[in-house]
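Asks: Take a look at this one; I'll ask things after.
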Amino acid sequence: MKRTGICKSIMVAAAVLLVSCEGKPGQYREVSGLKSPDGSLAMSFALDSKGAPCYRLDRLGEAVILPSRLGFDLMDGSSLREGFSVVKVETDSLDEVWNPVWGEEESIRNHYNEALVTLRDSLGRVMKVRFRLFDEGLGFRYEFPMENALSYFDIKEEITQFALTGDHTAWWISGDYDTQEYNYTRSRLSGIAGCYDSVRPYNASQTGFSPWGVQTALQMKTDDGLYINIHEAALLDYPAANLIYDLPRKTFSIHLTPDAQGVKGRMQAPCVTPWRTVMAVDDARKVLASRLILNLNEPCALDDVSWIHPVKYMGVWWEMITGKTHWSYTSDYPSVQLGVTDYAASTPHGKHGANNENVRRYIDFAAENGFDAILVEGWNEGWEDWFGHRKDFVFDFITPYPDFDLPALNAYAHSKGLRIVMHHESSSSTINYEHWMEKAYSLMNEYGYDAVKSGYVGDIIPYGEYHYSQPLIRHYHYAVEEAARHHIMVNAHEAVRPTGLCRTWPNMIGNESAMGNEFRSDINPGHTAILPFTRLQGGPMDFTPGIFEQDMSITAPGQTGKMRHTIANQLGLYVTFYSPLQMAADLPENYARFMDAFQFIKDVAVDWDRSEYLLAEPGSYIVTARHPKLSTINASAESLKQLADGKKDVLSGAARFVYDLPEGATASALKGAKAHDVWYVGGVGGPEEYVAEFSLSFLPEGKTYEATVYADAPEADYETAPQAYTITRETVDRTRSYSIRMARGGGFAISLREVL
Ligand code: NOJ
Ligand code: CA
């Protein structure tokens, strides 16, 4: 990471704003202000006549956040709400460029002006508020220094507020302590409470707290076309925040997730809270381009990141999700106990997906088509009664079923240049998972697994804790840190939604923490045109795109339900959703029916040095163009290692595309091959048709490209013709303009390869 410049400066105090924390005229005792580097945003901090701290945010002279309270109520009955005086205000600024290990671009500019306000109350308790103002938004957090009358304290509630200027349109999911696996609702803020039950379908673990509760990242839009996004950054050792809307005051307040005893943060100074963030931009594309959340996280904590690499994978997975096969091995026992149940003596029920033959079939298909890895779920003992019993000791994460030959399958995968992705379903029993973690990660090291998909289905054990309470936030981070020690990349499902920690811990290559494709027919059309504005603001998502067969009865005879997207929509997701971990989630036999469309998934890269956001509107459409990072495209880390060893026999699909090499080309073909410049464009639509109009002006001057356009056919529609697509080829340059119809639930994808 390279710092290009840092400077300290004294900021000029902004004009006094004659409003109190309640938004009415009042008297300030102290005011400090900040402007963003380009001057478009202004933040001011004040104490009202009672010594209550508050802040406001303006953009080009118009209010974004009206004066809003800051502070805490504590479990001991006292509060950090008022009675403060300002000890000092220190100002600073930073303008640096850093290079992410993986990401949407090669380098990221981190440019802000900062004010650190130190407050002391009448009891001598010191609370600092650090504000960082970027061109596109504000971040602020609370800090509690060591020299403090406040050393140990328990939080009853954080009272940070966001007072809004109107009844904005919002894209929101219901507030919850346990899950984000919900569809988004688009409504006015005043409409949030109107449909509590309908926005909260069943989940294996869910705890609502108010009809006015919503989760972050929350995307809003004012009637004047300003896009406001509220989220948090760097959530560590603190509960995750929800928001509660106060209708009369048009104000959101933080609502933290309590622990089992109702405490919302057990603090020991010195300590800091996560950053609260407010983005305010005049164009939806700027929300997608913003790196506010990443920039508020600490730089990379790892010295050696050479073992971290992007992963395009398939999985013995969708067949279990759809009910075609099962995670479990036998139906002999109503209950199983690890170490007691003799699986070898049991009768297999014959539908165990993770069996040697089936896993080899996937390995063969994935290797042929240039993937880096395959996930195998249901490989380990315990799945017979894993769900619904709130059992503590469900899995040990090290004992395979009798028909899964772990050493042999890993050797087979490696011989084809693939890795197997490990699966650890903790069944939310976190004590048990931590107990086995060292052995589980060591087993992975022994057999050359370098990525794990973990999961937290069901209510948390220890009993009474929530998925988003402080002890669980600690657990998820512990798992990531321990994994890093073992050079393992982590993709956690059902864990807390990300807050940019992947900047610091780039082995966090994925997270679910939202409704992904596994929710099948429950997913609303347009869901994937909201997620980049919300869930993906904190980091990549393992959405598991690429489902070509929408009809579950075809994938898994006897099952019902139809997913509401077109094939072209699924292709577009590989570009519109950024993730260094991308899955081709459908079954090999489903891809075999559409090999011409599958070609795009084979060709697409998953890591980028440039991204251009061409069109965007939450819930309606997103069109993105991306340029791959050549250093990671050549092949997976495993393949590169084999290449160096002279043993290479597989080449990633994206490398074949870049070097224009035929199917089945091996790495030796790379020697002397010339890299073609390539770009990919993806579009996803919403519940209504949309014609995407854009040009290829992002391409360099003087080059021509072969464009392959995968689009919805004229009759395509998620309900009536979800598999109707067209594939056209033409030679283009940067002057080419497109007008591409995206069907209801539709999308498109374009691959562009330079003509040499
Ligand atoms: C829920 C995860 O999201 C899913 O991907 C996984 O297959 C199941 N849990 C079983 O672990
Ligand atoms: Ca899930």
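Chains: A, B, ... in order of the structure tokens. Residues: from 1 per chain. Ligands: from 1, in order shown.
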If we count only C-alpha atoms, what is near range 113-121 of chain A at a cut-off of 8 Å, once residues fewer than 6 positions away on the same chain are taken out, given as a PyMOL selection string?
Replies: chain A and resi 33-37+80+82-94+127-134
Asks: Please give me, as a list in words, the residues lying within 9 Å of ligand 1 when counting only C-alpha atoms and all ligand atoms.
Replies: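 Going residue by residue within 9 Å of ligand 1, we get Trp317, Trp318, Met320, Ile321, Trp327, Glu377, Gly378, His423, His424, Glu425, Ser426, Ser427, Lys453, Ser454, Gly455, Tyr456, Val457, Ala492, His493, Glu494, Glu512, Ser513, Met515, Gly516, Glu518, Asp542 and Thr544 of chain A.
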Asks: Smallest atom-to-atom distance to Gly572 in chain A: which of A:Leu661, A:Val623, A:Val287, A:Val732, using only C-alpha atoms?
Replies: A:Val623
Asks: Could you please determine the separation between CA of His326 in chain A and CA of Tyr718 in chain A in Å, to one decimal place?
Replies: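 Calculated distance between CA of His326 in chain A and CA of Tyr718 in chain A is 28.2 Å.
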Asks: For each of A:Leu418, A:Leu615, A:Ala514, A:Leu571, take the minimum atom-to-atom distance to ligand 2, counting only C-alpha atoms and all ligand atoms, then give the residue where this is smallest.
Replies: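 Once distances to ligand 2 are computed over only C-alpha atoms and all ligand atoms, the minimum belongs to A:Ala514.
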Asks: One decimal, Å: what's the distance from CA of Gly353 in chain A over to CA of Phe404 in chain A, could you say?
Replies: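 It comes out at 9.8 Å.
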Asks: So, with only C-alpha atoms and all ligand atoms as the atoms that count, which of A:Asp178, A:Glu136, A:Glu688, A:Asp154 lies closest to ligand 2?
Replies: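 Looking at the shortest contact to ligand 2, the residue is A:Asp178.
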